[in-house]
>>> print(open('structure.cif').read())   # mmCIF, C-alpha atoms
data_final
#
loop_
_atom_site.label_atom_id
_atom_site.label_comp_id
_atom_site.auth_asym_id
_atom_site.auth_seq_id
_atom_site.Cartn_x
_atom_site.Cartn_y
_atom_site.Cartn_z
CA MET F 1 135.83 95.71 153.84
CA ILE F 2 135.06 93.08 156.42
CA ASP F 3 137.29 92.26 159.39
CA ASN F 4 137.14 90.45 162.70
CA GLN F 5 136.62 93.64 164.70
CA MET F 6 133.19 94.28 163.20
CA THR F 7 130.04 93.35 165.07
CA TRP F 8 127.91 90.65 163.50
CA TYR F 9 125.11 92.98 162.41
CA MET F 10 127.57 95.23 160.59
CA ILE F 11 128.89 92.19 158.71
CA VAL F 12 125.32 91.23 157.81
CA LEU F 13 124.46 94.74 156.64
CA SER F 14 127.62 95.08 154.60
CA ALA F 15 127.24 91.74 152.86
CA LEU F 16 123.49 91.96 152.32
CA LEU F 17 123.08 95.53 151.05
CA VAL F 18 126.13 97.78 150.91
CA ASN F 19 128.43 95.39 149.06
CA ASN F 20 125.73 93.28 147.43
CA ILE F 21 127.48 90.37 145.81
CA VAL F 22 125.68 90.54 142.46
CA LEU F 23 124.91 94.18 141.87
CA ILE F 24 127.99 95.80 143.38
CA ARG F 25 130.68 93.09 143.35
CA PHE F 26 129.77 91.33 140.08
CA LEU F 27 129.91 87.73 141.25
CA ALA F 28 127.43 84.99 140.30
CA LEU F 29 126.22 86.86 137.22
CA CYS F 30 125.64 83.75 135.07
CA SER F 31 122.96 82.34 137.35
CA PHE F 32 121.66 85.83 138.14
CA PHE F 33 120.81 86.36 134.48
CA GLY F 34 120.16 82.68 133.69
CA VAL F 35 117.54 81.64 136.25
CA SER F 36 115.70 84.83 137.02
CA ASN F 37 112.70 84.42 134.71
CA ARG F 38 110.23 83.48 137.46
CA ILE F 39 110.06 84.48 141.10
CA GLU F 40 109.49 80.90 142.40
CA ILE F 41 112.46 79.57 140.45
CA SER F 42 114.77 82.29 141.67
CA LEU F 43 113.63 81.66 145.24
CA SER F 44 114.65 77.97 144.95
CA MET F 45 117.93 78.97 143.37
CA GLY F 46 118.58 81.40 146.20
CA MET F 47 117.91 78.72 148.80
CA ALA F 48 120.25 76.30 147.02
CA VAL F 49 122.97 78.96 146.94
CA ILE F 50 122.60 79.73 150.67
CA PHE F 51 122.89 76.01 151.46
CA VAL F 52 125.86 75.19 149.24
CA MET F 53 127.76 78.39 149.91
CA THR F 54 127.62 77.89 153.68
CA LEU F 55 128.89 74.31 153.38
CA ALA F 56 131.60 75.32 150.91
CA SER F 57 132.87 78.19 153.04
CA ALA F 58 133.03 75.99 156.13
CA ALA F 59 134.93 73.35 154.17
CA ALA F 60 137.29 75.93 152.67
CA TRP F 61 138.02 77.46 156.09
CA ILE F 62 138.85 74.05 157.56
CA ILE F 63 141.08 73.10 154.62
CA TRP F 64 142.97 76.39 154.71
CA TYR F 65 143.63 76.55 158.45
CA PHE F 66 144.08 72.83 159.19
CA PHE F 67 145.75 71.51 156.03
CA LEU F 68 147.19 74.11 153.67
CA ILE F 69 148.80 76.41 156.27
CA PRO F 70 150.27 73.71 158.58
CA LEU F 71 151.63 71.81 155.57
CA ASN F 72 152.92 75.03 153.98
CA ILE F 73 151.23 74.41 150.63
CA GLU F 74 149.24 77.65 150.26
CA PHE F 75 149.79 77.67 146.50
CA LEU F 76 147.30 74.82 146.19
CA ARG F 77 144.49 77.10 147.37
CA THR F 78 142.66 77.59 144.06
CA ALA F 79 143.01 73.97 142.95
CA SER F 80 142.03 72.42 146.28
CA PHE F 81 139.09 74.76 146.88
CA ILE F 82 137.51 74.21 143.48
CA LEU F 83 137.92 70.43 143.70
CA VAL F 84 136.48 70.30 147.20
CA ILE F 85 133.52 72.49 146.22
CA ALA F 86 132.77 70.36 143.16
CA THR F 87 132.99 67.14 145.19
CA LEU F 88 130.91 68.60 147.98
CA VAL F 89 128.12 69.59 145.62
CA GLN F 90 128.07 66.07 144.15
CA LEU F 91 127.93 64.49 147.61
CA VAL F 92 125.18 66.84 148.78
CA GLU F 93 123.20 66.08 145.64
CA MET F 94 123.46 62.30 146.17
CA TYR F 95 122.68 62.60 149.89
CA ILE F 96 119.60 64.79 149.37
CA LYS F 97 118.36 62.54 146.59
CA LYS F 98 118.38 59.55 148.97
CA THR F 99 117.16 61.19 152.17
CA ALA F 100 114.90 64.09 151.20
CA PRO F 101 113.28 63.60 147.79
CA ALA F 102 111.00 66.62 148.24
CA LEU F 103 113.95 68.91 148.87
CA TYR F 104 115.78 67.31 145.98
CA ASN F 105 112.90 68.06 143.64
CA ALA F 106 112.97 71.69 144.71
CA LEU F 107 116.75 72.23 144.62
CA GLY F 108 118.07 69.30 142.58
CA ILE F 109 118.54 70.83 139.16
CA TYR F 110 120.15 73.95 140.60
CA LEU F 111 122.86 72.14 142.54
CA PRO F 112 125.13 71.28 139.57
CA LEU F 113 124.72 74.85 138.31
CA ILE F 114 126.16 76.11 141.57
CA THR F 115 129.49 74.30 141.14
CA THR F 116 130.42 76.66 138.36
CA ASN F 117 128.99 79.62 140.23
CA CYS F 118 131.95 81.92 140.78
CA ALA F 119 130.40 83.33 143.95
CA VAL F 120 130.94 80.07 145.86
CA LEU F 121 134.66 79.96 145.14
CA GLY F 122 134.84 83.75 145.39
CA ILE F 123 133.47 83.84 148.93
CA ALA F 124 135.66 80.91 149.97
CA ILE F 125 138.69 82.94 148.83
CA LEU F 126 137.39 86.18 150.38
CA ILE F 127 136.98 84.74 153.89
CA ILE F 128 140.61 83.67 153.69
CA ASP F 129 141.73 87.07 152.35
CA TYR F 130 139.82 88.90 155.10
CA ARG F 131 141.30 86.51 157.71
CA LEU F 132 137.87 85.96 159.29
CA GLY F 133 137.38 83.56 162.20
CA PHE F 134 135.20 80.50 161.70
CA LEU F 135 131.99 81.97 163.15
CA ASN F 136 132.40 85.31 161.36
CA SER F 137 133.04 83.41 158.12
CA LEU F 138 129.75 81.62 158.48
CA ILE F 139 127.85 84.82 159.30
CA TYR F 140 129.47 86.58 156.34
CA THR F 141 128.76 83.71 153.94
CA ILE F 142 125.11 83.37 154.93
CA SER F 143 124.52 87.12 154.56
CA VAL F 144 126.25 87.22 151.20
CA ALA F 145 124.06 84.36 149.98
CA ALA F 146 120.99 86.08 151.40
CA GLY F 147 122.01 89.20 149.48
CA TYR F 148 122.17 87.09 146.33
CA THR F 149 118.70 85.68 147.04
CA LEU F 150 117.29 89.15 147.71
CA SER F 151 118.62 90.64 144.49
CA ILE F 152 117.67 87.68 142.27
CA ILE F 153 114.09 87.68 143.59
CA LEU F 154 113.72 91.45 143.08
CA PHE F 155 115.20 91.08 139.61
CA ALA F 156 112.84 88.23 138.70
CA GLY F 157 109.90 90.39 139.75
CA ILE F 158 111.04 93.16 137.41
CA ARG F 159 111.71 90.73 134.56
CA GLU F 160 108.19 89.32 134.77
CA ARG F 161 106.91 92.85 134.13
CA ILE F 162 109.38 93.60 131.32
CA GLU F 163 108.09 90.69 129.25
CA MET F 164 104.89 92.62 128.60
CA ALA F 165 106.49 96.01 128.03
CA PRO F 166 106.94 97.53 124.57
CA ILE F 167 110.72 97.63 124.00
CA PRO F 168 112.64 98.61 120.83
CA ASP F 169 113.40 95.43 118.85
CA ILE F 170 117.16 95.81 119.04
CA LEU F 171 117.11 95.86 122.86
CA LYS F 172 114.84 92.82 123.29
CA GLY F 173 116.28 89.88 125.20
CA SER F 174 119.61 90.30 126.94
CA PRO F 175 120.38 94.01 126.30
CA ILE F 176 117.31 95.24 128.18
CA ILE F 177 118.01 92.77 130.97
CA PHE F 178 121.50 94.20 131.46
CA ILE F 179 120.20 97.77 131.41
CA THR F 180 117.57 96.82 134.00
CA ALA F 181 120.28 95.29 136.18
CA GLY F 182 122.22 98.54 135.78
CA ILE F 183 119.32 100.56 137.12
CA MET F 184 118.89 98.11 140.01
CA SER F 185 122.58 98.41 140.73
CA LEU F 186 122.17 102.18 140.77
CA ALA F 187 119.49 101.74 143.44
CA PHE F 188 121.81 99.56 145.52
CA LEU F 189 124.56 102.13 145.10
CA GLY F 190 122.36 104.31 147.26
CA PHE F 191 123.39 102.14 150.22
CA ALA F 192 127.07 103.01 149.66
CA HIS F 193 128.90 104.22 152.79
CA LEU F 194 125.88 103.47 154.94
CA PHE F 195 127.15 103.55 158.56
CA GLY F 196 130.64 103.98 157.13
CA LEU F 197 130.71 100.53 155.53
CA MET B 1 137.17 73.74 109.31
CA ASP B 2 139.91 75.97 108.01
CA LYS B 3 142.18 77.68 110.51
CA LEU B 4 141.29 81.26 109.69
CA LYS B 5 137.61 80.59 110.22
CA ILE B 6 138.27 79.05 113.65
CA PHE B 7 140.19 82.18 114.59
CA THR B 8 137.69 84.77 113.35
CA ASN B 9 134.79 82.83 114.85
CA GLY B 10 135.92 83.77 118.34
CA LEU B 11 136.47 87.39 117.44
CA LEU B 12 133.00 88.37 116.33
CA ARG B 13 130.52 85.73 115.18
CA GLU B 14 130.88 83.62 118.34
CA ASN B 15 132.39 86.27 120.57
CA PRO B 16 132.14 84.66 124.03
CA VAL B 17 131.14 87.85 125.81
CA LEU B 18 129.08 89.85 123.34
CA VAL B 19 127.29 87.06 121.43
CA LEU B 20 127.33 83.92 123.58
CA ILE B 21 127.09 86.07 126.76
CA ILE B 22 129.20 83.81 129.01
CA GLY B 23 132.04 84.55 131.41
CA LEU B 24 130.58 87.91 132.39
CA CYS B 25 131.68 88.31 136.00
CA PRO B 26 135.32 89.26 135.28
CA VAL B 27 134.27 91.38 132.29
CA LEU B 28 131.93 93.60 134.26
CA ALA B 29 134.02 93.67 137.41
CA THR B 30 137.43 94.45 135.98
CA GLY B 31 136.50 96.37 132.84
CA SER B 32 136.35 99.73 134.58
CA SER B 33 139.42 101.06 132.79
CA MET B 34 141.15 100.16 129.57
CA ASN B 35 144.32 99.04 131.34
CA ASP B 36 142.64 96.70 133.82
CA GLY B 37 140.39 95.28 131.11
CA PHE B 38 143.34 94.49 128.88
CA GLY B 39 145.29 92.94 131.76
CA MET B 40 142.40 90.68 132.68
CA GLY B 41 141.90 89.77 129.02
CA VAL B 42 145.53 88.76 128.56
CA ALA B 43 145.59 86.76 131.81
CA THR B 44 142.45 84.86 130.77
CA THR B 45 143.78 84.32 127.25
CA PHE B 46 146.99 82.82 128.63
CA VAL B 47 145.04 80.33 130.75
CA LEU B 48 142.65 79.57 127.89
CA VAL B 49 145.39 78.93 125.32
CA SER B 50 147.53 76.84 127.68
CA SER B 51 144.65 74.71 128.93
CA ASN B 52 143.34 74.19 125.38
CA LEU B 53 146.82 73.13 124.29
CA PHE B 54 147.40 70.82 127.24
CA ILE B 55 144.00 69.17 127.05
CA SER B 56 144.18 68.54 123.31
CA VAL B 57 147.66 67.01 123.71
CA LEU B 58 146.38 64.71 126.44
CA ARG B 59 142.93 64.09 124.96
CA ASN B 60 143.61 60.45 124.10
CA TYR B 61 144.80 59.67 127.64
CA ILE B 62 142.02 61.38 129.59
CA PRO B 63 139.29 58.86 130.54
CA ASP B 64 135.84 60.09 129.58
CA SER B 65 134.23 59.69 133.00
CA LEU B 66 136.98 61.61 134.78
CA ARG B 67 137.38 64.40 132.27
CA LEU B 68 135.77 67.27 134.20
CA PRO B 69 137.92 66.97 137.36
CA ILE B 70 141.01 66.57 135.17
CA PHE B 71 140.09 69.69 133.16
CA ILE B 72 139.61 71.62 136.40
CA VAL B 73 142.99 70.52 137.76
CA ILE B 74 144.74 71.50 134.52
CA ILE B 75 143.00 74.88 134.39
CA SER B 76 143.65 75.67 138.04
CA THR B 77 147.35 74.86 137.57
CA PHE B 78 147.64 77.56 134.94
CA VAL B 79 145.54 79.96 137.00
CA THR B 80 147.91 79.49 139.94
CA ILE B 81 150.86 80.22 137.63
CA VAL B 82 149.22 83.45 136.43
CA ASP B 83 148.30 84.38 140.01
CA TYR B 84 151.87 84.06 141.31
CA VAL B 85 153.55 85.61 138.26
CA MET B 86 151.25 88.66 138.33
CA HIS B 87 151.69 89.03 142.06
CA ALA B 88 155.46 89.13 141.60
CA TYR B 89 155.83 91.31 138.51
CA MET B 90 152.65 93.39 138.14
CA VAL B 91 151.77 94.41 141.69
CA GLU B 92 149.56 97.35 140.72
CA LEU B 93 147.48 95.40 138.21
CA TYR B 94 147.28 92.45 140.59
CA ALA B 95 145.88 94.71 143.31
CA SER B 96 143.18 96.18 141.10
CA LEU B 97 142.09 92.82 139.60
CA GLY B 98 142.11 91.25 143.07
CA ILE B 99 139.97 88.21 143.59
CA PHE B 100 139.15 87.90 139.88
CA ILE B 101 142.59 86.43 139.14
CA PRO B 102 142.00 83.18 141.10
CA LEU B 103 138.40 83.21 139.82
CA ILE B 104 139.62 82.69 136.23
CA VAL B 105 139.37 79.00 137.16
CA VAL B 106 135.56 79.16 137.18
CA ASN B 107 135.30 81.22 133.99
CA CYS B 108 132.84 79.20 131.91
CA ILE B 109 134.57 80.16 128.64
CA ILE B 110 137.66 78.13 129.56
CA LEU B 111 135.89 75.00 130.74
CA GLY B 112 133.45 75.40 127.86
CA ARG B 113 136.20 75.50 125.21
CA ALA B 114 137.98 72.56 126.87
CA GLU B 115 134.82 70.47 126.73
CA ALA B 116 133.43 71.65 123.39
CA PHE B 117 136.61 72.08 121.37
CA ALA B 118 140.00 71.02 122.80
CA TYR B 119 138.81 67.58 123.91
CA LYS B 120 137.70 66.72 120.37
CA ASN B 121 140.08 68.56 118.06
CA SER B 122 143.73 68.50 117.01
CA VAL B 123 146.42 70.38 118.89
CA LYS B 124 146.83 72.98 116.14
CA SER B 125 143.11 73.76 115.87
CA SER B 126 142.77 73.94 119.66
CA LEU B 127 145.66 76.40 119.84
CA ILE B 128 144.04 78.62 117.21
CA ASP B 129 140.64 78.31 118.86
CA GLY B 130 142.15 79.36 122.21
CA ILE B 131 143.86 82.37 120.66
CA GLY B 132 140.71 83.39 118.78
CA MET B 133 138.38 83.05 121.76
CA GLY B 134 140.91 84.76 124.02
CA ALA B 135 141.28 87.61 121.54
CA GLY B 136 137.49 87.99 121.36
CA PHE B 137 137.30 88.08 125.16
CA THR B 138 140.16 90.58 125.42
CA LEU B 139 138.63 92.76 122.71
CA ALA B 140 135.26 92.89 124.48
CA ILE B 141 136.65 93.58 127.95
CA THR B 142 139.12 96.21 126.69
CA ALA B 143 136.39 97.96 124.69
CA LEU B 144 134.10 97.97 127.71
CA GLY B 145 136.91 99.35 129.87
CA ALA B 146 137.76 102.02 127.31
CA ILE B 147 134.15 103.21 126.95
CA ARG B 148 133.61 103.32 130.71
CA GLU B 149 136.88 105.07 131.38
CA LEU B 150 136.25 107.63 128.64
CA ILE B 151 132.74 108.56 129.77
CA GLY B 152 133.26 108.06 133.49
CA ASN B 153 136.68 109.59 133.94
CA GLY B 154 137.35 111.50 130.73
CA THR B 155 140.65 109.72 130.11
CA LEU B 156 142.10 106.76 128.24
CA THR B 157 145.22 105.23 129.75
CA PHE B 158 147.10 102.27 128.40
CA PHE B 159 150.23 100.87 130.07
CA ASN B 160 150.37 103.99 132.26
CA ARG B 161 150.45 106.27 129.21
CA GLU B 162 147.62 108.73 128.79
CA LEU B 163 146.29 108.43 125.25
CA LEU B 164 143.50 110.93 125.63
CA ASN B 165 142.34 113.39 128.25
CA LEU B 166 139.00 115.03 127.60
CA SER B 167 138.74 116.97 130.83
CA SER B 168 141.89 118.99 130.22
CA SER B 169 141.25 120.06 126.63
CA LEU B 170 137.46 120.48 126.66
CA SER B 171 135.17 121.55 129.44
CA PHE B 172 134.07 117.93 129.86
CA GLN B 173 132.33 116.78 133.02
CA PRO B 174 132.82 113.01 133.42
CA ALA B 175 129.74 110.98 134.41
CA LEU B 176 131.19 109.21 137.42
CA VAL B 177 128.46 106.57 137.45
CA PHE B 178 130.04 104.88 134.43
CA ILE B 179 133.13 103.76 136.31
CA MET B 180 130.95 102.58 139.18
CA PRO B 181 129.08 99.25 139.09
CA PRO B 182 125.84 100.44 137.35
CA GLY B 183 127.82 101.76 134.39
CA ALA B 184 129.17 98.28 133.62
CA PHE B 185 125.69 96.77 133.26
CA ILE B 186 124.38 99.64 131.15
CA VAL B 187 127.38 99.82 128.80
CA ILE B 188 127.49 96.04 128.23
CA GLY B 189 123.75 96.10 127.47
CA PHE B 190 124.26 98.66 124.72
CA MET B 191 127.39 96.89 123.46
CA ILE B 192 125.45 93.62 123.03
CA ALA B 193 122.68 95.52 121.23
CA GLY B 194 125.30 97.15 118.98
CA VAL B 195 126.95 93.84 118.06
CA ARG B 196 123.55 92.37 117.32
CA TRP B 197 122.77 95.26 115.02
CA ILE B 198 126.08 94.79 113.17
CA LEU B 199 125.57 91.03 112.78
CA LYS B 200 122.02 91.53 111.55
CA ARG B 201 123.12 93.97 108.86
CA SER B 202 126.06 91.95 107.54
#
>>> encode(input="structure.cif", output="structure tokens")
Amino acid sequence: MIDNQMTWYMIVLSALLVNNIVLIRFLALCSFFGVSNRIEISLSMGMAVIFVMTLASAAAWIIWYFFLIPLNIEFLRTASFILVIATLVQLVEMYIKKTAPALYNALGIYLPLITTNCAVLGIAILIIDYRLGFLNSLIYTISVAAGYTLSIILFAGIRERIEMAPIPDILKGSPIIFITAGIMSLAFLGFAHLFGL
Amino acid sequence: MDKLKIFTNGLLRENPVLVLIIGLCPVLATGSSMNDGFGMGVATTFVLVSSNLFISVLRNYIPDSLRLPIFIVIISTFVTIVDYVMHAYMVELYASLGIFIPLIVVNCIILGRAEAFAYKNSVKSSLIDGIGMGAGFTLAITALGAIRELIGNGTLTFFNRELLNLSSSLSFQPALVFIMPPGAFIVIGFMIAGVRWILKRS
């Protein structure tokens, strides 16, 4: 697990490889299976996730330590986090649409998808559970999102090959995709306990 | 639609996990033993049934343009209730389900049923739909947990009672990988293929 005593590169290593968010911790599976048909698309999705997740974690950290704890209303954590994340994504979408149309065209359609991405809320809750400081939270969040991007791109590469492969009829479509993800997860399990993480 | 059909729809023909393939994160993450899978299933069913009920009662008062934030607030209220109740009375289960309890709020099955069913249908139908979908979810996650626990650990435990122990009676070597993350992906893949085969034949 992550804590404040760890150096930044250990946090990065743990979040990126050892405890990969998709393949080991089972978060963000919907988008992992949903938008991994093509490598370019999964790259854009990964970038959108890195962007939104970082903003959401920063917002969640500020809300928790400056509003919920001082006001003694910790039970509102789930409700306030999900509302803030949903609002934030909407605001970001409107802002990008006005100021950077090119970026909007690349990320636009993925932004609403990310609101319901359990990884965004999941990481916001995890940085609170791990009691990370603000800077460590940001480092952790960015590496987790980079881990997501890494695994979705690798997975898209494999899926492009699978389309051509002869597969038994009954396994075509989602079953073979899950089994492939299982084998990828097995590969990532090889990183387990690396440097004692 | 008659009530029985609404109920059985969620169990097999439109099983949220095995046929529609939504709401997978908690299924794969917590279905590593029969007990945890069942606990997660019941917790999700409680939230699903209560939010369906609440939303269909209020459906004439919820303005159309504000419906999604209102749904989210209603759902997260019930999730917070489950979170605190489990933390107080089921410490062991709460510890092993961990972060996936608060994450029930982003389970797409719940928001999906609120939007697709409870917002448009009567209170009674929404209640039955919630129970049916919840039962389908619980069935899938418990079955996944049971298969993984049986192959990966050689046991079946339910409410702390051992139903079956292969390693003591036979010389059975459990395949540990099945209770680790890769096992979840592989078993759910074969379960989806199996359900497809059954649906195709019937």
>>> interface_residues(input="structure.cif", of="chain B", to="chain F", cutoff="6 Å", atoms="all atoms listed in the file", output="ChimeraX atom specification")
/B:25,29,76,106,181-182,185-186,189,193
>>> residues_around(input="structure.cif", residues="range 129-141 of chain B", least_positions_apart="5", cutoff="9 Å", atoms="all atoms listed in the file", output="PyMOL selection string")
chain B and resi 3+6-12+14-18+23+26-28+30-31+34+36-42+44-46+48-53+109-110+113+117-118+124+146+191
>>> atom_distance(input="structure.cif", atom1="CA of Val47 in chain B", atom2="CA of Ile75 in chain B")
6.9 Å
>>> resolve_selection(input="structure.cif", expression="the PyMOL selection byres ((chain B and resi 156) around 12)", output="MDAnalysis selection string")
chainID B and resid 32:37 142:155 157:167
>>> residues_around(input="structure.cif", residues="Ser202 in chain B", least_positions_apart="5", cutoff="12 Å", atoms="only C-alpha atoms", output="JSON, numbers by chain")
{"B": [12, 13, 195, 196, 197]}
>>> write_last_selection(input="structure.cif", atoms="C-alpha atoms", output="CSV table (one decimal), in the frame of the given file")
chain,number,residue,atom,x,y,z
B,12,LEU,CA,133.0,88.4,116.3
B,13,ARG,CA,130.5,85.7,115.2
B,195,VAL,CA,127.0,93.8,118.1
B,196,ARG,CA,123.6,92.4,117.3
B,197,TRP,CA,122.8,95.3,115.0
>>> atom_distance(input="structure.cif", atom1="CA of Met53 in chain F", atom2="CA of Arg159 in chain F")
25.4 Å
>>> resolve_selection(input="structure.cif", expression="the PyMOL selection byres ((chain F and resi 152) around 10)", output="number ranges by chain")
F: 22-23, 29, 31-33, 35-39, 41-43, 45-46, 146-151, 153-158
>>> atom_distance(input="structure.cif", atom1="CA of Tyr104 in chain F", atom2="CA of Trp61 in chain F")
26.5 Å
>>> resolve_selection(input="structure.cif", expression="the PyMOL selection byres ((chain F and resi 5) around 12)", output="PDB file with C-alpha atoms, in the coordinates of the input")
ATOM      1  CA  MET F   1     135.830  95.710 153.840  1.00  0.00           C
ATOM      2  CA  ILE F   2     135.060  93.080 156.420  1.00  0.00           C
ATOM      3  CA  ASP F   3     137.290  92.260 159.390  1.00  0.00           C
ATOM      4  CA  ASN F   4     137.140  90.450 162.700  1.00  0.00           C
ATOM      5  CA  MET F   6     133.190  94.280 163.200  1.00  0.00           C
ATOM      6  CA  THR F   7     130.040  93.350 165.070  1.00  0.00           C
ATOM      7  CA  TRP F   8     127.910  90.650 163.500  1.00  0.00           C
ATOM      8  CA  TYR F   9     125.110  92.980 162.410  1.00  0.00           C
ATOM      9  CA  MET F  10     127.570  95.230 160.590  1.00  0.00           C
ATOM     10  CA  ILE F  11     128.890  92.190 158.710  1.00  0.00           C
ATOM     11  CA  TYR F 130     139.820  88.900 155.100  1.00  0.00           C
ATOM     12  CA  ARG F 131     141.300  86.510 157.710  1.00  0.00           C
ATOM     13  CA  LEU F 132     137.870  85.960 159.290  1.00  0.00           C
ATOM     14  CA  GLY F 133     137.380  83.560 162.200  1.00  0.00           C
ATOM     15  CA  ASN F 136     132.400  85.310 161.360  1.00  0.00           C
TER      16      ASN F 136
END
>>> closest_residue(input="structure.cif", among="F:Ile127, F:Ile21, F:Met94, F:Ala102", to="Ala60 in chain F", atoms="all atoms listed in the file")
F:Ile127
